$ cat input-v6.txt   # compact mmCIF, C-alpha atoms
# COMPACT_ATOMS: atom_id res chain seq x y z
CA MET D 122 0.00 0.00 0.00
CA LEU D 123 1.23 3.39 -0.87
CA ALA D 124 0.46 5.14 2.38
CA THR D 125 3.00 7.93 2.14
CA ALA D 126 1.45 11.41 2.01
CA SER D 127 1.52 13.18 -1.36
CA HIS D 128 2.64 10.07 -3.31
CA ARG D 129 0.66 8.05 -5.80
CA LEU D 130 0.69 4.57 -7.26
CA SER D 131 2.46 5.82 -10.39
CA LEU D 132 5.62 6.19 -8.32
CA VAL D 133 5.56 2.48 -7.48
CA ALA D 134 4.01 0.59 -10.38
CA PRO D 135 2.16 1.62 -13.55
CA ALA D 136 -1.58 1.17 -13.05
CA ALA D 137 -1.91 -0.18 -16.57
CA ALA D 138 0.66 -2.89 -15.88
CA LEU D 139 -1.19 -3.94 -12.75
CA ALA D 140 -4.46 -4.08 -14.65
CA ARG D 141 -2.92 -6.36 -17.29
CA CYS D 142 -1.85 -8.68 -14.49
CA GLY D 143 -5.34 -8.99 -13.15
CA VAL D 144 -4.48 -7.13 -9.95
CA ARG D 145 -7.67 -5.82 -8.42
CA LEU D 146 -7.12 -2.36 -7.00
CA PRO D 147 -9.73 0.08 -5.68
CA ARG D 148 -11.21 2.71 -7.94
CA ARG D 149 -12.40 6.14 -6.97
CA ARG D 150 -16.06 5.17 -6.79
CA PRO D 151 -18.49 4.52 -3.94
CA GLY D 152 -17.79 0.77 -3.83
CA ARG D 153 -14.03 1.05 -3.59
CA TYR D 154 -13.82 0.37 0.14
CA ALA D 155 -15.34 -3.10 -0.13
CA SER D 156 -13.03 -4.16 -2.96
CA VAL D 157 -9.94 -2.97 -1.12
CA ARG D 158 -10.94 -4.76 2.07
CA ALA D 159 -11.16 -7.95 0.03
CA ALA D 160 -7.73 -7.28 -1.45
CA ALA D 161 -6.37 -6.48 1.99
CA ALA D 162 -7.66 -9.74 3.42
CA ALA D 163 -6.16 -11.73 0.58
CA ALA D 164 -2.84 -9.91 0.79
CA ALA D 165 -2.62 -10.61 4.50
CA ALA D 166 -2.93 -14.38 4.01
CA PRO D 167 0.81 -15.16 3.58
CA ALA D 168 1.86 -12.92 6.47
CA PRO D 169 4.65 -14.30 8.67
CA PRO D 170 3.26 -15.90 11.82
CA ALA D 171 3.26 -13.98 15.07
CA LYS D 172 5.21 -15.26 18.06
CA GLU D 173 3.81 -18.57 19.22
CA GLY D 174 1.47 -18.09 22.14
CA ALA D 175 1.50 -14.30 21.72
CA GLU D 176 -1.37 -12.31 23.18
CA GLU D 177 -4.01 -10.70 21.01
CA LEU D 178 -2.40 -7.55 19.67
CA GLY D 179 -5.17 -6.17 17.47
CA PHE D 180 -6.87 -2.81 17.61
CA GLN D 181 -9.36 -4.02 20.19
CA GLU D 182 -6.49 -4.47 22.65
CA MET D 183 -5.00 -1.10 21.66
CA SER D 184 -8.26 0.75 22.28
CA ALA D 185 -9.27 -1.06 25.47
CA GLY D 186 -9.54 1.02 28.63
CA THR D 187 -9.37 4.75 29.26
CA ARG D 188 -5.89 4.91 30.78
CA ARG D 189 -3.63 7.10 28.68
CA ARG D 190 -1.42 5.25 26.18
CA TYR D 191 1.34 6.38 23.86
CA TYR D 192 2.02 4.92 20.40
CA MET D 193 5.18 5.84 18.50
CA LEU D 194 5.46 4.93 14.82
CA GLY D 195 8.90 4.91 13.24
CA GLY D 196 11.05 3.36 10.56
CA LYS D 197 12.92 4.09 7.34
CA GLY D 198 12.06 7.29 5.50
CA GLY D 199 9.37 7.00 2.84
CA VAL D 200 7.62 3.85 4.09
CA GLY D 201 4.38 5.56 5.09
CA LYS D 202 4.90 6.34 8.79
CA THR D 203 2.90 9.56 8.70
CA SER D 204 -0.11 8.04 6.96
CA CYS D 205 -0.08 5.06 9.33
CA ALA D 206 0.21 7.33 12.37
CA ALA D 207 -2.54 9.66 11.14
CA SER D 208 -4.84 6.74 10.31
CA LEU D 209 -4.27 5.27 13.78
CA ALA D 210 -5.16 8.61 15.36
CA VAL D 211 -8.37 8.81 13.31
CA ARG D 212 -9.20 5.21 14.26
CA PHE D 213 -8.76 5.99 17.95
CA ALA D 214 -10.88 9.13 17.69
CA ASN D 215 -13.66 7.30 15.86
CA SER D 216 -13.55 4.65 18.60
CA GLY D 217 -14.35 7.20 21.27
CA HIS D 218 -10.85 8.18 22.43
CA PRO D 219 -9.94 11.87 22.60
CA THR D 220 -6.66 11.69 20.69
CA LEU D 221 -3.58 13.79 20.03
CA VAL D 222 -1.28 13.06 17.09
CA VAL D 223 2.14 14.71 17.13
CA SER D 224 4.82 15.02 14.46
CA THR D 225 8.35 15.04 15.83
CA ASP D 226 9.80 14.76 12.32
CA PRO D 227 11.53 18.04 11.29
CA ALA D 228 10.13 17.46 7.78
CA HIS D 229 6.47 17.58 8.79
CA SER D 230 3.82 15.96 6.59
CA LEU D 231 0.87 15.70 8.99
CA SER D 232 -0.65 18.76 7.35
CA ASP D 233 -0.47 16.98 4.01
CA SER D 234 -1.99 13.79 5.42
CA PHE D 235 -4.94 15.58 7.01
CA ALA D 236 -5.25 18.11 4.14
CA GLN D 237 -5.32 20.81 6.80
CA ASP D 238 -2.85 23.43 8.00
CA LEU D 239 -1.42 22.13 11.29
CA SER D 240 1.71 24.29 11.40
CA GLY D 241 2.52 26.84 14.07
CA GLY D 242 3.58 24.62 16.96
CA ALA D 243 0.16 24.73 18.64
CA LEU D 244 -2.62 22.18 19.07
CA VAL D 245 -5.02 22.30 16.11
CA PRO D 246 -8.39 20.52 16.06
CA VAL D 247 -8.79 18.09 13.15
CA GLU D 248 -12.12 18.26 11.40
CA GLY D 249 -14.06 15.07 10.71
CA PRO D 250 -13.55 12.38 13.40
CA ASP D 251 -16.33 11.40 15.82
CA SER D 252 -14.36 12.21 19.00
CA PRO D 253 -11.93 15.09 19.58
CA LEU D 254 -8.74 14.74 17.55
CA PHE D 255 -5.98 17.32 17.77
CA ALA D 256 -2.71 17.51 15.84
CA LEU D 257 0.58 19.19 16.69
CA GLU D 258 3.59 19.88 14.48
CA ILE D 259 6.55 20.93 16.60
CA ASN D 260 8.58 23.80 15.16
CA PRO D 261 12.24 22.58 15.23
CA GLU D 262 13.59 26.13 15.13
CA LYS D 263 11.67 27.05 18.27
CA ALA D 264 12.85 23.83 19.91
CA ARG D 265 16.48 24.80 19.30
CA GLU D 266 15.83 28.29 20.60
CA GLU D 267 14.39 26.85 23.81
CA PHE D 268 17.48 24.75 24.35
CA GLN D 269 19.83 27.63 23.66
CA ALA D 270 17.83 29.85 26.00
CA ALA D 271 18.59 27.43 28.81
CA SER D 272 22.32 28.07 28.33
CA GLN D 273 22.15 31.85 28.16
CA LYS D 274 21.53 34.53 30.74
CA ASN D 275 19.08 37.31 29.99
CA GLY D 276 20.55 39.67 27.41
CA GLY D 277 23.69 37.55 26.93
CA THR D 278 24.86 34.94 24.46
CA GLY D 279 27.06 31.91 24.48
CA VAL D 280 28.64 29.63 26.99
CA LYS D 281 30.82 32.37 28.50
CA ASP D 282 27.76 34.34 29.65
CA PHE D 283 26.18 31.17 30.97
CA MET D 284 29.29 30.20 32.92
CA ASP D 285 29.54 33.76 34.27
CA SER D 286 25.96 33.58 35.51
CA MET D 287 26.78 30.28 37.20
CA GLY D 288 29.75 31.82 38.98
CA LEU D 289 32.20 29.84 36.86
CA GLY D 290 33.53 32.57 34.58
CA VAL D 291 37.11 32.24 35.85
CA LEU D 292 37.10 28.55 34.96
CA VAL D 293 36.05 28.87 31.32
CA GLU D 294 39.61 28.56 30.04
CA GLN D 295 40.34 25.47 32.16
CA LEU D 296 37.07 23.80 31.14
CA GLY D 297 37.50 24.50 27.44
CA GLU D 298 38.69 21.00 26.68
CA LEU D 299 35.39 19.60 27.96
CA LYS D 300 33.62 21.27 25.02
CA LEU D 301 30.82 22.57 27.21
CA GLY D 302 30.32 25.33 24.68
CA GLU D 303 29.35 22.81 22.05
CA LEU D 304 26.87 21.23 24.45
CA LEU D 305 25.26 24.49 25.45
CA ASP D 306 25.39 26.52 22.25
CA THR D 307 24.95 23.77 19.63
CA PRO D 308 22.07 21.36 20.17
CA PRO D 309 23.20 17.74 19.73
CA PRO D 310 21.57 15.54 17.03
CA GLY D 311 18.10 14.37 17.98
CA LEU D 312 17.41 17.26 20.35
CA ASP D 313 14.56 18.56 18.17
CA GLU D 314 12.63 15.36 18.75
CA ALA D 315 13.49 15.13 22.43
CA ILE D 316 12.31 18.65 23.13
CA ALA D 317 9.25 18.03 20.95
CA ILE D 318 8.25 15.07 23.08
CA SER D 319 9.10 16.85 26.32
CA LYS D 320 7.02 19.80 25.12
CA VAL D 321 4.10 17.47 24.54
CA MET D 322 4.56 16.10 28.05
CA GLN D 323 4.50 19.67 29.32
CA PHE D 324 1.19 20.14 27.49
CA LEU D 325 -0.24 16.94 28.89
CA GLU D 326 0.71 17.79 32.46
CA ALA D 327 -1.61 20.79 32.23
CA GLN D 328 -5.16 20.17 33.43
CA GLU D 329 -6.77 21.42 30.22
CA TYR D 330 -5.14 18.61 28.23
CA SER D 331 -6.04 15.80 30.61
CA MET D 332 -8.81 14.60 28.31
CA PHE D 333 -6.45 12.87 25.84
CA SER D 334 -6.44 9.10 26.34
CA ARG D 335 -4.42 8.22 23.25
CA ILE D 336 -1.24 9.98 22.06
CA VAL D 337 0.24 9.03 18.67
CA PHE D 338 3.76 10.14 17.68
CA ASP D 339 4.84 10.35 14.04
CA THR D 340 8.60 10.11 14.54
CA ALA D 341 11.50 11.03 12.29
CA PRO D 342 13.34 8.43 10.15
CA THR D 343 15.35 5.69 11.83
CA GLY D 344 18.65 7.54 12.34
CA HIS D 345 17.01 10.43 14.19
CA THR D 346 14.97 8.04 16.30
CA LEU D 347 18.01 6.03 17.38
CA ARG D 348 19.83 9.21 18.42
CA LEU D 349 16.74 10.31 20.28
CA LEU D 350 16.69 7.10 22.30
CA SER D 351 20.14 7.76 23.74
CA LEU D 352 19.72 11.52 24.10
CA PRO D 353 17.89 11.58 27.48
CA ASP D 354 20.73 9.63 29.09
CA PHE D 355 23.30 11.93 27.48
CA LEU D 356 21.57 15.12 28.60
CA ASP D 357 20.81 13.77 32.04
CA ALA D 358 24.50 12.97 32.58
CA SER D 359 25.83 16.15 30.96
CA ILE D 360 23.49 18.59 32.66
CA GLY D 361 23.92 16.69 35.89
CA LYS D 362 27.68 17.23 35.72
CA ILE D 363 27.23 20.94 35.11
CA LEU D 364 24.85 21.32 38.04
CA LYS D 365 27.08 19.23 40.28
CA LEU D 366 30.12 21.32 39.35
CA ARG D 367 28.22 24.50 40.07
CA SER D 368 27.06 23.15 43.42
CA LYS D 369 30.60 22.30 44.52
CA ILE D 370 31.88 25.84 44.17
CA ALA D 371 28.64 27.67 44.98
CA SER D 372 29.65 28.41 48.54
CA ALA D 373 33.05 29.74 47.48
CA THR D 374 31.59 32.10 44.90
CA SER D 375 28.35 33.18 46.59
CA ALA D 376 29.86 36.38 47.94
CA ILE D 377 31.21 37.40 44.52
CA LYS D 378 27.90 36.66 42.83
CA SER D 379 26.05 38.78 45.37
CA VAL D 380 28.40 41.71 44.81
CA PHE D 381 27.95 41.64 41.03
CA GLY D 382 24.19 41.00 41.18
CA GLN D 383 24.32 37.63 39.41
CA GLU D 384 22.38 35.61 41.97
CA ALA D 385 19.03 35.90 40.20
CA GLN D 386 20.58 35.11 36.80
CA GLN D 387 22.29 32.08 38.28
CA HIS D 388 19.08 30.67 39.68
CA ASP D 389 17.29 31.32 36.39
CA ALA D 390 19.92 29.38 34.42
CA VAL D 391 19.95 26.55 36.95
CA ASN D 392 16.17 26.28 36.93
CA LYS D 393 15.99 26.13 33.14
CA LEU D 394 18.59 23.39 32.92
CA GLU D 395 17.03 21.49 35.78
CA GLN D 396 13.61 21.63 34.10
CA LEU D 397 15.10 20.40 30.84
CA ARG D 398 16.85 17.58 32.66
CA GLU D 399 13.68 16.52 34.47
CA ARG D 400 11.73 16.42 31.24
CA MET D 401 14.41 14.35 29.56
CA VAL D 402 14.17 11.88 32.43
CA LYS D 403 10.42 11.71 31.85
CA VAL D 404 10.99 11.15 28.12
CA ARG D 405 13.32 8.26 28.93
CA ALA D 406 10.77 6.76 31.32
CA LEU D 407 8.02 7.20 28.73
CA PHE D 408 9.96 5.28 26.08
CA ARG D 409 10.51 2.33 28.40
CA ASP D 410 7.09 2.08 30.07
CA THR D 411 5.72 -1.27 28.89
CA GLU D 412 2.32 -0.55 30.42
CA THR D 413 1.55 2.67 28.56
CA THR D 414 3.93 2.88 25.58
CA GLU D 415 4.40 0.90 22.38
CA PHE D 416 6.76 1.57 19.48
CA ILE D 417 5.38 0.31 16.14
CA ILE D 418 7.86 -0.23 13.31
CA VAL D 419 6.66 0.62 9.80
CA THR D 420 8.45 -0.85 6.79
CA ILE D 421 7.93 -1.90 3.17
CA PRO D 422 8.70 -5.29 1.55
CA THR D 423 12.17 -4.53 0.23
CA VAL D 424 15.45 -6.04 1.38
CA MET D 425 16.89 -2.67 2.33
CA ALA D 426 13.85 -1.61 4.36
CA ILE D 427 13.57 -4.95 6.16
CA SER D 428 17.27 -4.90 7.02
CA GLU D 429 16.96 -1.40 8.48
CA SER D 430 13.86 -2.43 10.42
CA SER D 431 15.79 -5.35 11.90
CA ARG D 432 18.55 -3.03 13.09
CA LEU D 433 15.97 -0.61 14.48
CA HIS D 434 14.29 -3.35 16.47
CA SER D 435 17.64 -4.50 17.83
CA SER D 436 18.42 -0.96 18.99
CA LEU D 437 14.96 -0.55 20.50
CA GLN D 438 15.42 -3.75 22.47
CA LYS D 439 18.78 -2.59 23.80
CA GLU D 440 17.07 0.58 25.03
CA SER D 441 14.24 -1.48 26.60
CA VAL D 442 11.64 0.14 24.35
CA PRO D 443 8.55 -2.10 23.98
CA VAL D 444 7.90 -3.22 20.38
CA ARG D 445 5.19 -5.72 19.45
CA LYS D 446 4.04 -4.87 15.92
CA LEU D 447 5.58 -4.54 12.46
CA ILE D 448 3.55 -2.95 9.66
CA VAL D 449 4.62 -4.11 6.20
CA ASN D 450 3.28 -1.43 3.90
CA GLN D 451 2.75 -1.35 0.10
CA VAL D 452 2.28 -5.11 -0.37
CA LEU D 453 1.08 -5.99 -3.88
CA PRO D 454 -2.49 -7.37 -3.88
CA PRO D 455 -3.04 -10.85 -5.34
CA SER D 456 -3.47 -11.27 -9.09
CA THR D 457 -4.62 -13.94 -11.53
CA SER D 458 -1.60 -13.39 -13.75
CA ASP D 459 1.61 -11.38 -13.74
CA CYS D 460 3.21 -9.17 -16.33
CA LYS D 461 7.01 -8.99 -16.35
CA PHE D 462 7.08 -5.89 -14.17
CA CYS D 463 4.68 -7.26 -11.54
CA ALA D 464 6.33 -10.68 -11.55
CA ILE D 465 9.70 -9.11 -10.70
CA LYS D 466 8.11 -6.85 -8.10
CA ARG D 467 6.21 -9.72 -6.48
CA LYS D 468 9.36 -11.87 -6.41
CA ASP D 469 11.27 -9.09 -4.64
CA GLN D 470 8.48 -8.64 -2.11
CA THR D 471 8.26 -12.38 -1.47
CA ARG D 472 11.99 -12.47 -0.75
CA ALA D 473 11.62 -9.55 1.66
CA LEU D 474 8.70 -11.22 3.45
CA ASP D 475 10.76 -14.41 3.74
CA MET D 476 13.46 -12.31 5.41
CA ILE D 477 10.97 -11.35 8.11
CA ARG D 478 10.06 -15.00 8.70
CA ASN D 479 13.73 -15.87 9.21
CA ASP D 480 14.99 -12.72 10.91
CA PRO D 481 15.55 -13.31 14.65
CA GLU D 482 14.79 -9.65 15.37
CA LEU D 483 11.47 -9.52 13.47
CA MET D 484 10.04 -13.02 13.33
CA GLY D 485 8.50 -12.75 16.79
CA LEU D 486 6.58 -9.54 16.10
CA ASN D 487 2.91 -9.34 15.22
CA ILE D 488 3.00 -8.72 11.44
CA ILE D 489 0.43 -6.45 9.81
CA GLN D 490 0.39 -6.45 6.01
CA ALA D 491 -1.11 -3.43 4.26
CA PRO D 492 -1.85 -3.67 0.51
CA LEU D 493 -0.74 -1.27 -2.19
CA VAL D 494 -3.65 0.91 -3.37
CA ASP D 495 -4.03 3.28 -6.29
CA MET D 496 -5.44 6.19 -4.32
CA GLU D 497 -3.70 8.98 -2.44
CA ILE D 498 -4.15 8.71 1.34
CA ARG D 499 -5.03 12.32 2.13
CA GLY D 500 -7.79 13.75 4.28
CA VAL D 501 -9.80 12.23 7.13
CA PRO D 502 -12.08 10.03 4.92
CA ALA D 503 -9.06 8.45 3.20
CA LEU D 504 -7.27 8.02 6.55
CA LYS D 505 -10.38 6.34 7.98
CA PHE D 506 -10.42 4.01 4.99
CA LEU D 507 -6.73 3.19 5.51
CA GLY D 508 -7.21 2.75 9.25
CA ASP D 509 -10.00 0.24 8.73
CA ILE D 510 -7.58 -1.87 6.67
CA VAL D 511 -4.47 -1.61 8.84
CA TRP D 512 -5.83 -1.36 12.39
CA LYS D 513 -8.15 -4.35 12.81
$ encode --input "input-v6.txt" --output "structure tokens"
Amino acid sequence: MLATASHRLSLVAPAAALARCGVRLPRRRPGRYASVRAAAAAAAAPAPPAKEGAEELGFQEMSAGTRRRYYMLGGKGGVGKTSCAASLAVRFANSGHPTLVVSTDPAHSLSDSFAQDLSGGALVPVEGPDSPLFALEINPEKAREEFQAASQKNGGTGVKDFMDSMGLGVLVEQLGELKLGELLDTPPPGLDEAIAISKVMQFLEAQEYSMFSRIVFDTAPTGHTLRLLSLPDFLDASIGKILKLRSKIASATSAIKSVFGQEAQQHDAVNKLEQLRERMVKVRALFRDTETTEFIIVTIPTVMAISESSRLHSSLQKESVPVRKLIVNQVLPPSTSDCKFCAIKRKDQTRALDMIRNDPELMGLNIIQAPLVDMEIRGVPALKFLGDIVWK
């Protein structure tokens, strides 16, 4: 299924070639949903088996209860993460759950998926679902500014001003080799996502946002996600060292700070860093909470995508992030005959699906196959249609 926003079937396989093969794809007419459901059911038949004795992992289990749950969808770029995340959010909302869907990908496409302007870094109501559905696209520039603000005193710039406000100005030269300036003035890779998620947590801690029972994250491609996983530990340790260093010499410098009027600036800088550190700790705990959080890997049936998904799952396991599902997107529907193009394509997909069956990292996951369709997944009706196929 081509479930990537703003892409069409023509980018994957010529519609005429599929028609010659007898592949039954949906048409843009009132009866298209029924035909695609039939194709989806047939396409799902050869899916790799789930782990023996595994619990029921369908949508009924995902939507059960009113306790807040978090679902993070990630994988290789271009496999349809945004469409899958948006369709899951619509499915939750139509099942009675007030839902929030958040894009932590710097290259946002939620607006394209919902056919609605969701930019601006604020919660925007999505029109169409039965229950409240809100979307949020985090502005990465603002996220970087927030981080840099934590390392600067009011009216100042750079690590020197920050160290001065902390009472450590005389030690800047000696601490240069620790590259604290790089930490404080240049956000490390993955910080956009980390602050995006921590910002969402800040939203959700407020009483007015307590209604959301399902939170869906559309994450950035694999590399960003893997850096994000290790970032909370990195920031927790780094900021902790800075605060500990400041604490050790606080008594020796308190008199000087009082004379130069830097006490208030010092506390302001400390409080900002401490707040950032606390939120990063919450992000880390959120990722690893098996009771409320699930990371869903999205892939397509190609050798490269499956290989990357295997590495992603391995990294997620090392970080103790709960993963139970693998969505295999853009699977060719069954056909009565194959042209040369479709025969080659189907052979490649069969080899990729066999990789899942034999891959020790993926073979134990609950596999969800989603068929290739010849319609663009854009707007709430199309996302509802997609969600009914994928999230059963």
$ atom_distance --input "input-v6.txt" --atom1 "atom CA of D:Phe235" --atom2 "atom CA of D:Ala503"
9.1 Å
$ residues_around --input "input-v6.txt" --residues "D:Phe333" --least-positions-apart "5" --cutoff "8 Å" --atoms "all atoms listed in the file" --output "list in words"
Arg189, His218, Pro219, Thr220 and Leu221 of chain D
$ atom_distance --input "input-v6.txt" --atom1 "atom CA of D:Pro250" --atom2 "atom CA of D:Val452"
27.3 Å
$ atom_distance --input "input-v6.txt" --atom1 "atom CA of D:Ala327" --atom2 "atom CA of D:Val402"
18.1 Å
$ closest_residue --input "input-v6.txt" --among "D:Gln181, D:Ser331, D:Thr420, D:Thr187" --to "D:Thr203" --atoms "all atoms listed in the file"
D:Thr420
$ closest_residue --input "input-v6.txt" --among "D:Ile417, D:Leu407, D:Leu504, D:Leu239" --to "D:Met322" --atoms "only C-alpha atoms"
D:Leu407
$ residues_near_point --input "input-v6.txt" --point "(0.9, 5.3, 12.4)" --cutoff "8 Å" --atoms "only C-alpha atoms" --output "ChimeraX atom specification"
/D:193-194,202-210,337-339,417,419
$ write_last_selection --input "input-v6.txt" --atoms "C-alpha atoms" --output "short mmCIF file (atom, residue, chain, number, x, y, z; two decimals), in the frame of the given file"
data_model
loop_
_atom_site.label_atom_id
_atom_site.label_comp_id
_atom_site.auth_asym_id
_atom_site.auth_seq_id
_atom_site.Cartn_x
_atom_site.Cartn_y
_atom_site.Cartn_z
CA MET D 193 5.18 5.84 18.50
CA LEU D 194 5.46 4.93 14.82
CA LYS D 202 4.90 6.34 8.79
CA THR D 203 2.90 9.56 8.70
CA SER D 204 -0.11 8.04 6.96
CA CYS D 205 -0.08 5.06 9.33
CA ALA D 206 0.21 7.33 12.37
CA ALA D 207 -2.54 9.66 11.14
CA SER D 208 -4.84 6.74 10.31
CA LEU D 209 -4.27 5.27 13.78
CA ALA D 210 -5.16 8.61 15.36
CA VAL D 337 0.24 9.03 18.67
CA PHE D 338 3.76 10.14 17.68
CA ASP D 339 4.84 10.35 14.04
CA ILE D 417 5.38 0.31 16.14
CA VAL D 419 6.66 0.62 9.80
#
$ residues_around --input "input-v6.txt" --residues "D:Ser224" --least-positions-apart "4" --cutoff "9 Å" --atoms "all atoms listed in the file" --output "list of chain:residue names"
D:Thr203, D:Ala228, D:His229, D:Ser230, D:Leu231, D:Ala256, D:Leu257, D:Glu258, D:Ile259, D:Glu314, D:Ala317, D:Val337, D:Phe338, D:Asp339, D:Thr340, D:Ala341
